[in-house]
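Below is one structure; the comments refer to it alone.
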Amino acid sequence: TIRNDNSSRFGKFTRLRYDGHGRLRGSDCETYLLEKSRVVAQAPGERTYHCAYGIPDLDVAALHYVTASQRGTIEGLTDEDRHSQAWASLAKCGVSAKDRDSLIDMLKAVFLLGDSTDEAASLLGVPADSLKTALKERTVTVRRETTIVQRTPAERTAARDALAKELYARCFDWVVALTNEATSVDAWEASCGLLDIFGFESFPINRFEQLCINYANERLQEKFCRDLFRSVQAEYEDEGIPFEPIAFPDAAAALKLLEGPMGIVDVLDEECARPGGSELALVSKLKTLHDDNQRFYVPD
């Protein structure tokens, strides 16, 4: 990103496992909120995921999905060196040469989807015509009747991009699972958990995954304030201990707006499932329900 040359772009909770003498025995990791949108588009001045730049025989500069095609040296490693290091790490984790080659093919397919469905289909091992048809059509079932609906050009693009993002996410999850398999242990005496998530961010255009990221931050901030300030101050009051009250931000209004009954998440889910749902209807419902919430604002 423009702020960090090696930002992970996903949240993770890592558990370190120790024996009775405090020696590290193993670890495992859970991941959250992978920034899938970066696969198909990047903000000005930012790169796509580093893995794209090191894939052999992939012309990054020609890819529709890659905004910034420049290769570079980051933290002392060239893109080629970073790729070699990553693949050597996979080998050390027990990933076979065949699976490593398959991963390269999958990543190539993901980034080529924006330019050539024929090449992508070949790498994915599916007929090119079948892939094109799946992107051009959608199946709608109503009251046991199934209809084939042709997508508009904009919908075809959205379907193609959604497929690319989902394929990348599944490759990512597979690599995480392989890593956990190599580093996890069955027995330990103590553990330490490390949580690392995105910071709160606001861009000119904020999509659903950005909403999820910022919601996670608001929820964690509320928990931090409750555990560190609100509960301790309540305990001091109960025990009659004099203290200087500490003012802290209250995320209750934002959380109510997001996760409360008929909050943004509920209404969005309902509107997406409703035939003929629209963005205008979503905004209208939210305005009716939450116009009195201090955190709700509809720009002119």
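Here, A, B, ... name the chains of the structure tokens in the order displayed, residue numbers run from 1 inside each chain, and ligands are numbered from 1 in the same displayed order.
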
Shell of 12 Å around Ser284 in chain A, only C-alpha atoms, local chain residues under 4 positions omitted, as a ChimeraX atom specification = /A:264,267-268,271,277-280,288-291,297-298

Can I get the selection written as an mmCIF file, in the first residue's frame, with all heavy atoms?
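Wrote part.cif, looks like this:
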data_model
loop_
_atom_site.group_PDB
_atom_site.id
_atom_site.type_symbol
_atom_site.label_atom_id
_atom_site.label_comp_id
_atom_site.auth_asym_id
_atom_site.auth_seq_id
_atom_site.Cartn_x
_atom_site.Cartn_y
_atom_site.Cartn_z
ATOM 1 N N ILE A 264 -27.673 -2.028 9.763
ATOM 2 C CA ILE A 264 -27.203 -2.053 8.378
ATOM 3 C C ILE A 264 -27.039 -3.474 7.864
ATOM 4 O O ILE A 264 -27.440 -3.790 6.744
ATOM 5 C CB ILE A 264 -25.871 -1.274 8.267
ATOM 6 C CG1 ILE A 264 -26.122 0.225 8.420
ATOM 7 C CG2 ILE A 264 -25.189 -1.557 6.930
ATOM 8 C CD1 ILE A 264 -24.870 1.068 8.414
ATOM 9 N N VAL A 267 -30.582 -5.123 7.298
ATOM 10 C CA VAL A 267 -31.312 -4.528 6.174
ATOM 11 C C VAL A 267 -30.624 -4.854 4.848
ATOM 12 O O VAL A 267 -31.283 -5.127 3.839
ATOM 13 C CB VAL A 267 -31.439 -3.000 6.353
ATOM 14 C CG1 VAL A 267 -32.153 -2.369 5.158
ATOM 15 C CG2 VAL A 267 -32.210 -2.690 7.634
ATOM 16 N N LEU A 268 -29.293 -4.848 4.846
ATOM 17 C CA LEU A 268 -28.554 -5.203 3.636
ATOM 18 C C LEU A 268 -28.833 -6.650 3.241
ATOM 19 O O LEU A 268 -29.052 -6.955 2.062
ATOM 20 C CB LEU A 268 -27.058 -4.995 3.860
ATOM 21 C CG LEU A 268 -26.128 -5.350 2.699
ATOM 22 C CD1 LEU A 268 -26.458 -4.516 1.470
ATOM 23 C CD2 LEU A 268 -24.668 -5.155 3.107
ATOM 24 N N GLU A 271 -32.356 -6.837 1.783
ATOM 25 C CA GLU A 271 -32.478 -6.212 0.467
ATOM 26 C C GLU A 271 -31.802 -7.048 -0.622
ATOM 27 O O GLU A 271 -32.267 -7.102 -1.759
ATOM 28 C CB GLU A 271 -31.891 -4.803 0.503
ATOM 29 C CG GLU A 271 -32.263 -3.924 -0.685
ATOM 30 C CD GLU A 271 -33.759 -3.642 -0.777
ATOM 31 O OE1 GLU A 271 -34.457 -3.747 0.251
ATOM 32 O OE2 GLU A 271 -34.214 -3.321 -1.897
ATOM 33 N N GLY A 277 -34.431 -5.988 -5.372
ATOM 34 C CA GLY A 277 -33.751 -5.133 -4.399
ATOM 35 C C GLY A 277 -32.819 -4.145 -5.087
ATOM 36 O O GLY A 277 -32.271 -4.431 -6.156
ATOM 37 N N SER A 278 -32.655 -2.991 -4.488
ATOM 38 C CA SER A 278 -31.828 -1.955 -5.122
ATOM 39 C C SER A 278 -31.090 -1.136 -4.072
ATOM 40 O O SER A 278 -31.455 -1.142 -2.882
ATOM 41 C CB SER A 278 -32.690 -1.022 -5.974
ATOM 42 O OG SER A 278 -33.544 -0.239 -5.144
ATOM 43 N N GLU A 279 -30.082 -0.410 -4.520
ATOM 44 C CA GLU A 279 -29.320 0.456 -3.621
ATOM 45 C C GLU A 279 -30.200 1.588 -3.093
ATOM 46 O O GLU A 279 -30.097 1.970 -1.914
ATOM 47 C CB GLU A 279 -28.106 1.025 -4.356
ATOM 48 C CG GLU A 279 -27.088 -0.033 -4.751
ATOM 49 C CD GLU A 279 -25.949 0.533 -5.572
ATOM 50 O OE1 GLU A 279 -25.985 1.742 -5.872
ATOM 51 O OE2 GLU A 279 -25.024 -0.226 -5.911
ATOM 52 N N LEU A 280 -31.058 2.131 -3.957
ATOM 53 C CA LEU A 280 -31.935 3.228 -3.526
ATOM 54 C C LEU A 280 -32.890 2.766 -2.431
ATOM 55 O O LEU A 280 -33.135 3.482 -1.450
ATOM 56 C CB LEU A 280 -32.723 3.770 -4.716
ATOM 57 C CG LEU A 280 -31.922 4.586 -5.743
ATOM 58 C CD1 LEU A 280 -32.812 4.978 -6.923
ATOM 59 C CD2 LEU A 280 -31.329 5.830 -5.091
ATOM 60 N N THR A 288 -35.020 5.695 6.964
ATOM 61 C CA THR A 288 -36.255 5.635 7.753
ATOM 62 C C THR A 288 -36.000 5.058 9.140
ATOM 63 O O THR A 288 -36.541 5.548 10.145
ATOM 64 C CB THR A 288 -37.311 4.780 7.025
ATOM 65 O OG1 THR A 288 -37.598 5.362 5.745
ATOM 66 C CG2 THR A 288 -38.587 4.689 7.836
ATOM 67 N N LEU A 289 -35.173 4.024 9.194
ATOM 68 C CA LEU A 289 -34.940 3.314 10.453
ATOM 69 C C LEU A 289 -33.942 4.017 11.367
ATOM 70 O O LEU A 289 -34.053 3.923 12.596
ATOM 71 C CB LEU A 289 -34.431 1.897 10.146
ATOM 72 C CG LEU A 289 -35.433 0.930 9.529
ATOM 73 C CD1 LEU A 289 -34.702 -0.280 8.940
ATOM 74 C CD2 LEU A 289 -36.435 0.469 10.587
ATOM 75 N N HIS A 290 -32.966 4.720 10.792
ATOM 76 C CA HIS A 290 -31.838 5.184 11.601
ATOM 77 C C HIS A 290 -31.543 6.674 11.461
ATOM 78 O O HIS A 290 -30.440 7.120 11.787
ATOM 79 C CB HIS A 290 -30.582 4.382 11.236
ATOM 80 C CG HIS A 290 -30.723 2.917 11.442
ATOM 81 N ND1 HIS A 290 -30.791 2.337 12.687
ATOM 82 C CD2 HIS A 290 -30.856 1.894 10.547
ATOM 83 C CE1 HIS A 290 -30.935 1.025 12.571
ATOM 84 N NE2 HIS A 290 -30.981 0.734 11.282
ATOM 85 N N ASP A 291 -32.508 7.425 10.991
ATOM 86 C CA ASP A 291 -32.261 8.860 10.808
ATOM 87 C C ASP A 291 -31.932 9.562 12.116
ATOM 88 O O ASP A 291 -31.295 10.615 12.138
ATOM 89 C CB ASP A 291 -33.489 9.513 10.159
ATOM 90 C CG ASP A 291 -33.131 10.793 9.431
ATOM 91 O OD1 ASP A 291 -32.005 10.859 8.886
ATOM 92 O OD2 ASP A 291 -33.954 11.725 9.415
ATOM 93 N N TYR A 297 -25.460 9.001 8.458
ATOM 94 C CA TYR A 297 -25.426 10.223 7.647
ATOM 95 C C TYR A 297 -25.572 9.853 6.187
ATOM 96 O O TYR A 297 -24.924 8.934 5.699
ATOM 97 C CB TYR A 297 -24.089 10.946 7.871
ATOM 98 C CG TYR A 297 -23.807 12.045 6.879
ATOM 99 C CD1 TYR A 297 -24.521 13.239 6.913
ATOM 100 C CD2 TYR A 297 -22.820 11.895 5.905
ATOM 101 C CE1 TYR A 297 -24.258 14.253 5.998
ATOM 102 C CE2 TYR A 297 -22.550 12.895 5.000
ATOM 103 C CZ TYR A 297 -23.272 14.071 5.047
ATOM 104 O OH TYR A 297 -23.024 15.071 4.143
ATOM 105 N N VAL A 298 -26.455 10.547 5.500
ATOM 106 C CA VAL A 298 -26.651 10.358 4.055
ATOM 107 C C VAL A 298 -26.185 11.617 3.350
ATOM 108 O O VAL A 298 -26.782 12.693 3.521
ATOM 109 C CB VAL A 298 -28.127 10.071 3.721
ATOM 110 C CG1 VAL A 298 -28.278 9.897 2.206
ATOM 111 C CG2 VAL A 298 -28.612 8.833 4.451
#

Nearby residues (only C-alpha atoms) at most 9 Å from range 4-20 of chain A, same-chain spacing under 6 positions excluded, as a ChimeraX atom specification | /A:26-36,38,49-50,74-75,184-185,187-198,213

Please run DSSP on the backbone and report, as a PyMOL selection string, all residues within range 106-258 of chain A that come out as strand (DSSP E or B).
-> chain A and resi 137-142+145-150+190-196

For Ser116 in chain A, list every protein, DNA or RNA residue within 10 Å, evaluated using only C-alpha atoms, and leave out those in the same chain fewer than 5 positions away; present the list as an MDAnalysis selection string.
-> chainID A and resid 63:64 109 111 121 128

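Nearest to His83 in chain A of all the residues A:Leu112, A:Leu103, A:Ala52, A:Ala216 is A:Ala52, based on only C-alpha atoms.
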
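Counting only C-alpha atoms, Tyr65 in chain A has the following residues at most 12 Å away, ignoring those fewer than 5 positions along the same chain: Ser37, Arg38, Val39, Val40, Ala41, Gln42, Ala43, Arg47, Thr48, Tyr49, Ala52, Asp59, Val60, Lys108, Ala109, Val110, Phe111, Leu112, Leu113, Gly114, Asp115, Ser116, Thr157, Arg160, Asp161, Ala164 and Lys165 of chain A.
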
Put those residues in a file: N, CA, C and O atoms, as an mmCIF file, in the first residue's frame.
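Listed below is the output, out-v4.cif:
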data_model
loop_
_atom_site.group_PDB
_atom_site.id
_atom_site.type_symbol
_atom_site.label_atom_id
_atom_site.label_comp_id
_atom_site.auth_asym_id
_atom_site.auth_seq_id
_atom_site.Cartn_x
_atom_site.Cartn_y
_atom_site.Cartn_z
ATOM 1 N N SER A 37 -10.780 -7.635 -2.708
ATOM 2 C CA SER A 37 -10.952 -6.625 -3.751
ATOM 3 C C SER A 37 -9.628 -6.223 -4.393
ATOM 4 O O SER A 37 -9.590 -5.799 -5.548
ATOM 5 N N ARG A 38 -8.529 -6.383 -3.659
ATOM 6 C CA ARG A 38 -7.210 -6.020 -4.198
ATOM 7 C C ARG A 38 -6.817 -6.917 -5.376
ATOM 8 O O ARG A 38 -5.977 -6.540 -6.187
ATOM 9 N N VAL A 39 -7.423 -8.087 -5.471
ATOM 10 C CA VAL A 39 -7.099 -9.000 -6.568
ATOM 11 C C VAL A 39 -7.480 -8.390 -7.916
ATOM 12 O O VAL A 39 -6.763 -8.554 -8.910
ATOM 13 N N VAL A 40 -8.594 -7.670 -7.973
ATOM 14 C CA VAL A 40 -9.099 -7.171 -9.254
ATOM 15 C C VAL A 40 -8.900 -5.674 -9.450
ATOM 16 O O VAL A 40 -9.078 -5.168 -10.567
ATOM 17 N N ALA A 41 -8.530 -4.941 -8.413
ATOM 18 C CA ALA A 41 -8.316 -3.492 -8.542
ATOM 19 C C ALA A 41 -7.503 -2.991 -7.367
ATOM 20 O O ALA A 41 -7.615 -3.514 -6.254
ATOM 21 N N GLN A 42 -6.697 -1.980 -7.614
ATOM 22 C CA GLN A 42 -5.885 -1.384 -6.559
ATOM 23 C C GLN A 42 -6.029 0.141 -6.606
ATOM 24 O O GLN A 42 -6.302 0.714 -7.660
ATOM 25 N N ALA A 43 -5.839 0.761 -5.464
ATOM 26 C CA ALA A 43 -5.878 2.219 -5.391
ATOM 27 C C ALA A 43 -4.662 2.795 -6.118
ATOM 28 O O ALA A 43 -3.644 2.112 -6.282
ATOM 29 N N ARG A 47 0.136 -1.588 -5.219
ATOM 30 C CA ARG A 47 0.338 -2.795 -6.008
ATOM 31 C C ARG A 47 -0.704 -3.841 -5.632
ATOM 32 O O ARG A 47 -1.367 -3.746 -4.597
ATOM 33 N N THR A 48 -0.842 -4.849 -6.485
ATOM 34 C CA THR A 48 -1.643 -6.001 -6.116
ATOM 35 C C THR A 48 -0.818 -6.856 -5.159
ATOM 36 O O THR A 48 0.265 -6.439 -4.710
ATOM 37 N N TYR A 49 -1.271 -8.049 -4.846
ATOM 38 C CA TYR A 49 -0.515 -8.906 -3.931
ATOM 39 C C TYR A 49 0.846 -9.248 -4.524
ATOM 40 O O TYR A 49 0.981 -9.475 -5.733
ATOM 41 N N ALA A 52 1.800 -11.958 -7.339
ATOM 42 C CA ALA A 52 1.579 -11.818 -8.782
ATOM 43 C C ALA A 52 2.863 -11.456 -9.522
ATOM 44 O O ALA A 52 3.081 -11.885 -10.658
ATOM 45 N N ASP A 59 3.106 -11.980 -17.618
ATOM 46 C CA ASP A 59 3.395 -10.592 -17.995
ATOM 47 C C ASP A 59 2.508 -9.658 -17.180
ATOM 48 O O ASP A 59 1.400 -9.307 -17.595
ATOM 49 N N VAL A 60 2.998 -9.273 -16.031
ATOM 50 C CA VAL A 60 2.193 -8.471 -15.105
ATOM 51 C C VAL A 60 1.774 -7.148 -15.732
ATOM 52 O O VAL A 60 0.655 -6.670 -15.534
ATOM 53 N N LYS A 108 -2.027 -17.942 -11.694
ATOM 54 C CA LYS A 108 -2.038 -17.443 -13.069
ATOM 55 C C LYS A 108 -3.471 -17.316 -13.579
ATOM 56 O O LYS A 108 -3.845 -16.314 -14.199
ATOM 57 N N ALA A 109 -4.275 -18.340 -13.325
ATOM 58 C CA ALA A 109 -5.665 -18.328 -13.779
ATOM 59 C C ALA A 109 -6.424 -17.150 -13.181
ATOM 60 O O ALA A 109 -7.204 -16.475 -13.866
ATOM 61 N N VAL A 110 -6.201 -16.885 -11.908
ATOM 62 C CA VAL A 110 -6.872 -15.777 -11.232
ATOM 63 C C VAL A 110 -6.560 -14.455 -11.921
ATOM 64 O O VAL A 110 -7.461 -13.672 -12.273
ATOM 65 N N PHE A 111 -5.282 -14.196 -12.140
ATOM 66 C CA PHE A 111 -4.893 -12.894 -12.686
ATOM 67 C C PHE A 111 -5.159 -12.785 -14.187
ATOM 68 O O PHE A 111 -5.299 -11.678 -14.711
ATOM 69 N N LEU A 112 -5.269 -13.927 -14.889
ATOM 70 C CA LEU A 112 -5.563 -13.901 -16.326
ATOM 71 C C LEU A 112 -7.058 -13.825 -16.617
ATOM 72 O O LEU A 112 -7.448 -13.533 -17.752
ATOM 73 N N LEU A 113 -7.900 -14.068 -15.610
ATOM 74 C CA LEU A 113 -9.341 -14.016 -15.825
ATOM 75 C C LEU A 113 -9.795 -12.656 -16.355
ATOM 76 O O LEU A 113 -10.757 -12.566 -17.110
ATOM 77 N N GLY A 114 -9.097 -11.611 -15.956
ATOM 78 C CA GLY A 114 -9.473 -10.279 -16.408
ATOM 79 C C GLY A 114 -9.159 -10.017 -17.857
ATOM 80 O O GLY A 114 -9.616 -9.024 -18.433
ATOM 81 N N ASP A 115 -8.383 -10.897 -18.501
ATOM 82 C CA ASP A 115 -7.956 -10.678 -19.875
ATOM 83 C C ASP A 115 -8.382 -11.785 -20.835
ATOM 84 O O ASP A 115 -8.782 -11.516 -21.959
ATOM 85 N N SER A 116 -8.267 -13.037 -20.400
ATOM 86 C CA SER A 116 -8.523 -14.163 -21.304
ATOM 87 C C SER A 116 -9.167 -15.320 -20.550
ATOM 88 O O SER A 116 -8.502 -16.016 -19.787
ATOM 89 N N THR A 157 -19.079 -8.745 -15.996
ATOM 90 C CA THR A 157 -17.814 -8.282 -15.416
ATOM 91 C C THR A 157 -17.785 -8.537 -13.917
ATOM 92 O O THR A 157 -16.780 -9.000 -13.372
ATOM 93 N N ARG A 160 -17.273 -12.257 -13.302
ATOM 94 C CA ARG A 160 -15.875 -12.623 -13.559
ATOM 95 C C ARG A 160 -14.983 -12.199 -12.401
ATOM 96 O O ARG A 160 -14.149 -12.980 -11.921
ATOM 97 N N ASP A 161 -15.156 -10.961 -11.938
ATOM 98 C CA ASP A 161 -14.337 -10.462 -10.832
ATOM 99 C C ASP A 161 -14.613 -11.228 -9.548
ATOM 100 O O ASP A 161 -13.689 -11.509 -8.765
ATOM 101 N N ALA A 164 -12.748 -14.487 -9.711
ATOM 102 C CA ALA A 164 -11.318 -14.291 -9.479
ATOM 103 C C ALA A 164 -11.023 -14.113 -7.992
ATOM 104 O O ALA A 164 -10.082 -14.706 -7.449
ATOM 105 N N LYS A 165 -11.841 -13.322 -7.321
ATOM 106 C CA LYS A 165 -11.624 -13.076 -5.891
ATOM 107 C C LYS A 165 -11.839 -14.338 -5.063
ATOM 108 O O LYS A 165 -11.083 -14.612 -4.128
#

Find the residues near Asp292 in chain A: any atom within 12 Å, counting only C-alpha atoms, skip ones fewer than 5 places away on the same chain, and give them as an mmCIF file with all heavy atoms, in the first residue's frame.
data_model
loop_
_atom_site.group_PDB
_atom_site.id
_atom_site.type_symbol
_atom_site.label_atom_id
_atom_site.label_comp_id
_atom_site.auth_asym_id
_atom_site.auth_seq_id
_atom_site.Cartn_x
_atom_site.Cartn_y
_atom_site.Cartn_z
ATOM 1 N N ALA A 253 -23.336 3.703 19.700
ATOM 2 C CA ALA A 253 -24.211 4.174 18.620
ATOM 3 C C ALA A 253 -23.821 3.546 17.282
ATOM 4 O O ALA A 253 -24.679 3.130 16.495
ATOM 5 C CB ALA A 253 -24.158 5.696 18.531
ATOM 6 N N LYS A 256 -24.765 -0.215 17.357
ATOM 7 C CA LYS A 256 -26.216 -0.377 17.213
ATOM 8 C C LYS A 256 -26.619 -0.198 15.759
ATOM 9 O O LYS A 256 -27.452 -0.943 15.225
ATOM 10 C CB LYS A 256 -26.943 0.632 18.094
ATOM 11 C CG LYS A 256 -28.461 0.531 17.981
ATOM 12 C CD LYS A 256 -29.146 1.596 18.841
ATOM 13 C CE LYS A 256 -30.669 1.527 18.691
ATOM 14 N NZ LYS A 256 -31.350 2.586 19.471
ATOM 15 N N LEU A 257 -26.024 0.789 15.108
ATOM 16 C CA LEU A 257 -26.321 1.051 13.706
ATOM 17 C C LEU A 257 -25.919 -0.127 12.818
ATOM 18 O O LEU A 257 -26.622 -0.493 11.879
ATOM 19 C CB LEU A 257 -25.584 2.319 13.256
ATOM 20 C CG LEU A 257 -25.698 2.725 11.791
ATOM 21 C CD1 LEU A 257 -27.137 3.030 11.420
ATOM 22 C CD2 LEU A 257 -24.808 3.935 11.511
ATOM 23 N N LEU A 286 -32.774 2.408 5.358
ATOM 24 C CA LEU A 286 -31.845 2.773 6.426
ATOM 25 C C LEU A 286 -32.140 4.174 6.956
ATOM 26 O O LEU A 286 -32.063 4.426 8.164
ATOM 27 C CB LEU A 286 -30.406 2.683 5.925
ATOM 28 C CG LEU A 286 -29.875 1.266 5.657
ATOM 29 C CD1 LEU A 286 -28.482 1.330 5.037
ATOM 30 C CD2 LEU A 286 -29.825 0.454 6.948
ATOM 31 N N LYS A 287 -32.472 5.082 6.045
ATOM 32 C CA LYS A 287 -32.773 6.446 6.480
ATOM 33 C C LYS A 287 -34.025 6.482 7.346
ATOM 34 O O LYS A 287 -34.085 7.190 8.359
ATOM 35 C CB LYS A 287 -32.946 7.349 5.259
ATOM 36 C CG LYS A 287 -33.040 8.825 5.608
ATOM 37 C CD LYS A 287 -33.009 9.699 4.377
ATOM 38 C CE LYS A 287 -33.059 11.172 4.773
ATOM 39 N NZ LYS A 287 -33.017 12.060 3.583
ATOM 40 N N TYR A 297 -25.460 9.001 8.458
ATOM 41 C CA TYR A 297 -25.426 10.223 7.647
ATOM 42 C C TYR A 297 -25.572 9.853 6.187
ATOM 43 O O TYR A 297 -24.924 8.934 5.699
ATOM 44 C CB TYR A 297 -24.089 10.946 7.871
ATOM 45 C CG TYR A 297 -23.807 12.045 6.879
ATOM 46 C CD1 TYR A 297 -24.521 13.239 6.913
ATOM 47 C CD2 TYR A 297 -22.820 11.895 5.905
ATOM 48 C CE1 TYR A 297 -24.258 14.253 5.998
ATOM 49 C CE2 TYR A 297 -22.550 12.895 5.000
ATOM 50 C CZ TYR A 297 -23.272 14.071 5.047
ATOM 51 O OH TYR A 297 -23.024 15.071 4.143
ATOM 52 N N VAL A 298 -26.455 10.547 5.500
ATOM 53 C CA VAL A 298 -26.651 10.358 4.055
ATOM 54 C C VAL A 298 -26.185 11.617 3.350
ATOM 55 O O VAL A 298 -26.782 12.693 3.521
ATOM 56 C CB VAL A 298 -28.127 10.071 3.721
ATOM 57 C CG1 VAL A 298 -28.278 9.897 2.206
ATOM 58 C CG2 VAL A 298 -28.612 8.833 4.451
#

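For the atom pair formed by CA of Leu167 in chain A and CA of Gly45 in chain A, the distance is 24.9 Å, given to one decimal.
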
Sel. of helix (DSSP H, G or I) residues, range 176-234 of chain A, as a ChimeraX atom specification | /A:176-183,208-234

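Note that the spacing between CA of Gln221 in chain A and CA of Asn180 in chain A amounts to 28.5 Å.
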
Name the residues in contact with Ala91 in chain A at a cut-off of 12 Å, using only C-alpha atoms, excluding same-chain residues fewer than 5 positions from it; report them as a PyMOL selection string.
-> chain A and resi 84-86+96-101+175+178-179+182

Polymer residues at most 12 Å from Asp81 in chain A, only C-alpha atoms, same-chain spacing of 6 or more positions, as a PyMOL selection string | chain A and resi 50-51+53-56+71-75+87-88

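One finds CA of Leu135 in chain A at 7.9 Å from CA of Arg151 in chain A.
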
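When only C-alpha atoms are used to measure the gap to Thr67 in chain A, the shortest distance among A:Gly276, A:Gly240, A:Pro44, A:Pro204 belongs to A:Pro44.
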
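Closest approach to Ile148 in chain A among A:Val265, A:Ala169, A:Lys136, A:Glu259: A:Lys136, based on only C-alpha atoms.
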